[in-house]
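K.L.:
Input: one structure, supplied below.
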Amino acid sequence: MVLANILSNTKFSDPGSDKKPLIISGPCSAETEEQVIETAQRLAKTGKVDVLRAGIWKPRTRPGSFEGIGVQGLPWLQKAKALTGLPVAVEVATKQQVEEALAHDVDILWIGARTTVNPFSVQEVADALKGVDTTVLIKNPINPDLELWVGAVERVRNSGITKIGLIHRGFSSYGNTEYRNAPMWHLPIEMKRRMPELPIVCDPSHIGGRRDILQEIGQEAIDLDYDGLMLESHIDPDKAWSDAKQQVTPERLAEILDGIKWRHERTDVKEFNSALDKLRGQINQIDDEILLLLGNRMKIAEKIGLYKKENNVTILQTNRWNEILERGIAKGDKLGLTKDFILKYFDAVHLESINRQNRVMNEGK
């Protein structure tokens with residue numbers, strides 16, 4: 001595959017064809033030359049992998065953990081590339097790392113989540129990329145801040161890089177969840193809406209943190225029209241020097257990929273398109289009615305704000321708020337709506353009501 005077309009080929013042009021995903025795989029960390037070469041050869045043998053990845057420099061949360069083999073691992077990737085024909089990708093976080101990776105013919109650079117979160121670091125990488133013709137993938141920042149992700153893309157684009165893609169690897173969240181990093185699917189969906197020209201790859205390994213849910217996460221990403229997947233693979237996952245629980249053998253990787261239903265965004269089947277248009281028309285009509293009702297609700301909230309102002313009553317009344325939530329959750333349950341959705345919906349409506357009442361109560365001050 002010609003490197004310049006790797007990302008563009010993930011966007012299928014024939015609406016009736018099967019989606020051609022970009023599959024990036026390889027060990028979390030390059031550990032030894034033998035490990036890198038064998039992993040690459042076994043991945044290539046599956047016929048399902050487009051790009052070989054390996055961590056050379058590993059930014060760890062705490063010192064003392066394995067932080068990557070360093071520059072000595074780059075020739076191993078060169079050799080793996082020569083033996084398999086697979087282009088190679090590594091993570092970079094500094095000017096020196098960019099220069100060393102490019103000097104060793106690394107084809108794709110990616111900016112990691114811990115770097116994306118820091119505009120100074122992103123700018124250092126972007127400055128090192130000026131005048132370079134390469135492909136750069138940008139992971140979402142660790143924290144759920146879409147503007148940081150957008151800013152990283154803009155900085156890299158301003159350096160002259162034209163082949164840019166996104167990697168969704170999940171976000172840190174408070175408390176225990178089934179994920180290592182919560183997917184927060186609404187954020188990458190919004191990123192796709194803002195930058196539809198950029199292909200986006202999902203990283204189930206870092207979202208899940210464990211191998212038993214990789215296929216489930218990958219399927220959800222493909223169902224959301226992602227352009228590919230990045231999955232970590234190791235010849236002996238349980239003995240990996242980093243992130244052992246989320247890695248799979250090349251052979252297991254092939255099974256996971258075979259188990260995913262690869263869907264396409266559009267179809268030329270007239271009956272399907274006609275039925276879909278009718279259903280979408282119904283949704284549009286309902287959405288219009290919902291917006292009209294919400295507008296009326298806010299007008300009533302403003303009237304309540306006036307009464308509270310005249311009677312010197314606070315905006316927030318906790319008992320009433322609890323009553324609204326309990327009533328909404330019970331009503332929503334009967335309608336098949338989840339508690340999580342009801343809470344998010346009423347939180348948004350309540351915040352808008354508070355803003356309206358606050359504006360009314362403080363007019364003329």
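Naming works like this for the structure tokens: A, B, ... for the chains as they're shown, residue 1 at the start of each chain, ligands 1 onward in shown order.
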What lies within 10 Å of Gly259 of chain A using only C-alpha atoms, ignoring chain neighbours under 2 positions off, as a list in words?

P.N.:
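In the requested format, the answer is Gln215, Glu216, Gly218, Gln219, Leu253, Ala254, Glu255, Ile256, Leu257, Lys261 and Trp262 of chain A.
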
K.L.:
Just list the residues in segment 153-359 of chain A DSSP gives strand (DSSP E or B) on the backbone, as a PyMOL selection string.

P.N.:
chain A and resi 163-168+171+182+200-202+228-233+248

K.L.:
Print the selection's residues with N, CA, C and O atoms to a file, as a compact mmCIF listing (two decimals), in the first residue's frame.

P.N.:
```
# COMPACT_ATOMS: atom_id res chain seq x y z
N LYS A 163 -1.56 15.33 5.74
CA LYS A 163 -2.10 13.99 6.00
C LYS A 163 -2.24 13.82 7.52
O LYS A 163 -1.30 13.45 8.21
N ILE A 164 -3.45 14.12 8.00
CA ILE A 164 -3.72 14.11 9.43
C ILE A 164 -4.91 13.19 9.70
O ILE A 164 -5.88 13.18 8.95
N GLY A 165 -4.82 12.42 10.76
CA GLY A 165 -5.93 11.58 11.19
C GLY A 165 -6.09 11.68 12.69
O GLY A 165 -5.23 12.24 13.40
N LEU A 166 -7.20 11.15 13.20
CA LEU A 166 -7.50 11.20 14.62
C LEU A 166 -7.51 9.79 15.20
O LEU A 166 -7.84 8.83 14.51
N ILE A 167 -7.15 9.68 16.46
CA ILE A 167 -7.27 8.42 17.19
C ILE A 167 -8.08 8.67 18.45
O ILE A 167 -7.73 9.53 19.27
N HIS A 168 -9.15 7.92 18.60
CA HIS A 168 -9.99 8.00 19.80
C HIS A 168 -9.56 6.88 20.74
O HIS A 168 -9.74 5.70 20.42
N PHE A 171 -11.23 8.60 27.48
CA PHE A 171 -10.91 9.72 28.36
C PHE A 171 -10.89 9.26 29.81
O PHE A 171 -11.64 8.37 30.21
N ALA A 182 -12.89 5.86 29.68
CA ALA A 182 -14.28 5.93 29.22
C ALA A 182 -14.35 6.42 27.78
O ALA A 182 -13.72 7.43 27.43
N ILE A 200 -10.90 8.94 11.27
CA ILE A 200 -10.75 8.70 12.70
C ILE A 200 -10.66 7.20 12.97
O ILE A 200 -11.43 6.40 12.44
N VAL A 201 -9.69 6.84 13.78
CA VAL A 201 -9.41 5.46 14.16
C VAL A 201 -9.73 5.29 15.63
O VAL A 201 -9.43 6.17 16.45
N CYS A 202 -10.33 4.17 15.99
CA CYS A 202 -10.61 3.88 17.40
C CYS A 202 -9.52 2.97 17.97
O CYS A 202 -9.03 2.07 17.29
N GLY A 228 -11.27 2.97 11.05
CA GLY A 228 -10.35 1.87 11.32
C GLY A 228 -10.16 1.68 12.81
O GLY A 228 -10.78 2.33 13.64
N LEU A 229 -9.26 0.76 13.14
CA LEU A 229 -8.99 0.40 14.52
C LEU A 229 -7.49 0.30 14.77
O LEU A 229 -6.73 -0.10 13.89
N MET A 230 -7.10 0.66 15.97
CA MET A 230 -5.72 0.43 16.44
C MET A 230 -5.81 -0.54 17.61
O MET A 230 -6.42 -0.24 18.63
N LEU A 231 -5.22 -1.72 17.44
CA LEU A 231 -5.29 -2.77 18.46
C LEU A 231 -3.88 -3.27 18.77
O LEU A 231 -3.10 -3.56 17.85
N GLU A 232 -3.57 -3.39 20.03
CA GLU A 232 -2.24 -3.83 20.42
C GLU A 232 -2.10 -5.35 20.35
O GLU A 232 -3.01 -6.08 20.78
N SER A 233 -0.97 -5.79 19.81
CA SER A 233 -0.74 -7.23 19.64
C SER A 233 0.68 -7.58 20.06
O SER A 233 1.63 -6.84 19.77
N VAL A 248 -3.25 -8.78 22.63
CA VAL A 248 -3.64 -10.11 22.16
C VAL A 248 -2.60 -10.60 21.17
O VAL A 248 -1.84 -9.82 20.59
```

K.L.:
Using DSSP on the backbone, list every residue of segment 111-360 of chain A that comes out as helix (DSSP H, G or I), and give them as a ChimeraX atom specification.

P.N.:
/A:113-116,119-128,146-158,186-194,204-208,211-223,237-239,244-246,250-258,270-310,318-334,339-360

K.L.:
Neighbours of segment 298-310 of chain A within 7 Å (only C-alpha atoms; same-chain residues fewer than 3 positions away dropped), as a tab-separated table (two decimals) with N, CA and C atoms, in the first residue's frame?

P.N.:
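result-v8.tsv, freshly written:
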```
chain	number	residue	atom	x	y	z
A	294	LEU	N	-40.15	22.80	24.51
A	294	LEU	CA	-39.07	23.31	25.36
A	294	LEU	C	-39.08	24.83	25.42
A	295	GLY	N	-39.37	25.46	24.28
A	295	GLY	CA	-39.47	26.92	24.27
A	295	GLY	C	-40.58	27.40	25.19
A	313	VAL	N	-37.52	34.84	46.78
A	313	VAL	CA	-37.30	33.40	46.92
A	313	VAL	C	-36.11	32.99	46.06
A	314	THR	N	-35.29	32.06	46.55
A	314	THR	CA	-34.11	31.62	45.79
A	314	THR	C	-34.51	30.89	44.52
A	353	SER	N	-33.14	26.47	32.56
A	353	SER	CA	-34.17	27.13	33.36
A	353	SER	C	-33.55	28.05	34.41
A	356	ARG	N	-32.26	31.17	32.74
A	356	ARG	CA	-33.38	32.06	32.40
A	356	ARG	C	-33.88	32.80	33.64
A	357	GLN	N	-34.08	32.06	34.74
A	357	GLN	CA	-34.59	32.67	35.96
A	357	GLN	C	-33.57	33.65	36.55
A	360	VAL	N	-33.84	36.87	34.63
A	360	VAL	CA	-35.04	37.62	34.99
A	360	VAL	C	-34.92	38.26	36.37
A	361	MET	N	-34.38	37.50	37.31
A	361	MET	CA	-34.32	37.99	38.70
A	361	MET	C	-33.29	39.08	38.90
```

K.L.:
Which residues come within 9 Å of Asn158 of chain A, counting only C-alpha atoms, excluding same-chain residues fewer than 4 positions away, as a PyMOL selection string?

P.N.:
chain A and resi 126+130+153-154

K.L.:
Which value, in Å to one decimal, gives the distance between atom CA of Pro204 of chain A and atom CA of Ile217 of chain A?

P.N.:
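So the two atoms, atom CA of Pro204 of chain A and atom CA of Ile217 of chain A, lie 5.7 Å apart.
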
K.L.:
Please list as a PDB file with all heavy atoms, in the first residue's frame every residue within 9 Å of Thr84 of chain A, counting only C-alpha atoms and excluding residues in the same chain fewer than 5 positions away.

P.N.:
```
ATOM      1  N   ALA A  40       5.662  -8.616  13.940  1.00  0.00           N
ATOM      2  CA  ALA A  40       5.396  -8.052  12.614  1.00  0.00           C
ATOM      3  C   ALA A  40       5.101  -9.145  11.594  1.00  0.00           C
ATOM      4  O   ALA A  40       4.166  -9.033  10.790  1.00  0.00           O
ATOM      5  CB  ALA A  40       6.578  -7.203  12.163  1.00  0.00           C
ATOM      6  N   GLN A  41       5.881 -10.204  11.614  1.00  0.00           N
ATOM      7  CA  GLN A  41       5.705 -11.281  10.633  1.00  0.00           C
ATOM      8  C   GLN A  41       4.377 -12.015  10.845  1.00  0.00           C
ATOM      9  O   GLN A  41       3.679 -12.343   9.877  1.00  0.00           O
ATOM     10  CB  GLN A  41       6.878 -12.253  10.707  1.00  0.00           C
ATOM     11  CG  GLN A  41       8.182 -11.646  10.186  1.00  0.00           C
ATOM     12  CD  GLN A  41       9.368 -12.578  10.327  1.00  0.00           C
ATOM     13  OE1 GLN A  41       9.463 -13.345  11.290  1.00  0.00           O
ATOM     14  NE2 GLN A  41      10.280 -12.531   9.365  1.00  0.00           N
ATOM     15  N   ALA A  44       1.594  -9.670   9.694  1.00  0.00           N
ATOM     16  CA  ALA A  44       1.545  -9.620   8.231  1.00  0.00           C
ATOM     17  C   ALA A  44       0.911 -10.891   7.668  1.00  0.00           C
ATOM     18  O   ALA A  44       0.174 -10.847   6.669  1.00  0.00           O
ATOM     19  CB  ALA A  44       2.947  -9.422   7.671  1.00  0.00           C
ATOM     20  N   LYS A  45       1.178 -12.014   8.315  1.00  0.00           N
ATOM     21  CA  LYS A  45       0.643 -13.297   7.852  1.00  0.00           C
ATOM     22  C   LYS A  45      -0.883 -13.326   7.904  1.00  0.00           C
ATOM     23  O   LYS A  45      -1.530 -14.030   7.112  1.00  0.00           O
ATOM     24  CB  LYS A  45       1.225 -14.426   8.692  1.00  0.00           C
ATOM     25  CG  LYS A  45       0.894 -15.823   8.183  1.00  0.00           C
ATOM     26  CD  LYS A  45       1.575 -16.894   9.035  1.00  0.00           C
ATOM     27  CE  LYS A  45       1.231 -18.298   8.526  1.00  0.00           C
ATOM     28  NZ  LYS A  45       1.889 -19.346   9.353  1.00  0.00           N
ATOM     29  N   LYS A  79      13.819  -2.946  10.167  1.00  0.00           N
ATOM     30  CA  LYS A  79      13.997  -4.321   9.704  1.00  0.00           C
ATOM     31  C   LYS A  79      12.637  -4.999   9.519  1.00  0.00           C
ATOM     32  O   LYS A  79      12.410  -5.710   8.519  1.00  0.00           O
ATOM     33  CB  LYS A  79      14.849  -5.104  10.698  1.00  0.00           C
ATOM     34  CG  LYS A  79      15.187  -6.517  10.247  1.00  0.00           C
ATOM     35  CD  LYS A  79      16.149  -7.186  11.221  1.00  0.00           C
ATOM     36  CE  LYS A  79      16.487  -8.611  10.770  1.00  0.00           C
ATOM     37  NZ  LYS A  79      17.432  -9.268  11.723  1.00  0.00           N
TER      38      LYS A  79
END
```

K.L.:
Of the candidates A:Ile222, A:Leu148, A:Val122, A:Ile207, which shows the shortest atom-to-atom distance to Met191 of chain A, using only C-alpha atoms?

P.N.:
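Of A:Ile222, A:Leu148, A:Val122, A:Ile207, the one nearest Met191 of chain A, counting only C-alpha atoms, is A:Leu148.
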
K.L.:
So, counting only C-alpha atoms, which residue among A:Lys95, A:Lys139, A:Arg263, A:Arg53 is closest to Ile111 of chain A?

P.N.:
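Counting only C-alpha atoms, the residue closest to Ile111 of chain A is A:Lys139.
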
K.L.:
With only C-alpha atoms as the basis for distance, which of A:Asp127, A:Trp185, A:Arg194, A:Val132 is at the shortest distance from Trp149 of chain A?

P.N.:
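Ranked by minimum distance to Trp149 of chain A, first place goes to A:Arg194.
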
K.L.:
Rank A:Thr46, A:Gln123, A:Gln35, A:Ser242 by their smallest atom-to-atom distance to Gly151 of chain A, using only C-alpha atoms, and report the top residue only.

P.N.:
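Smallest separation from Gly151 of chain A among the options: A:Gln123.
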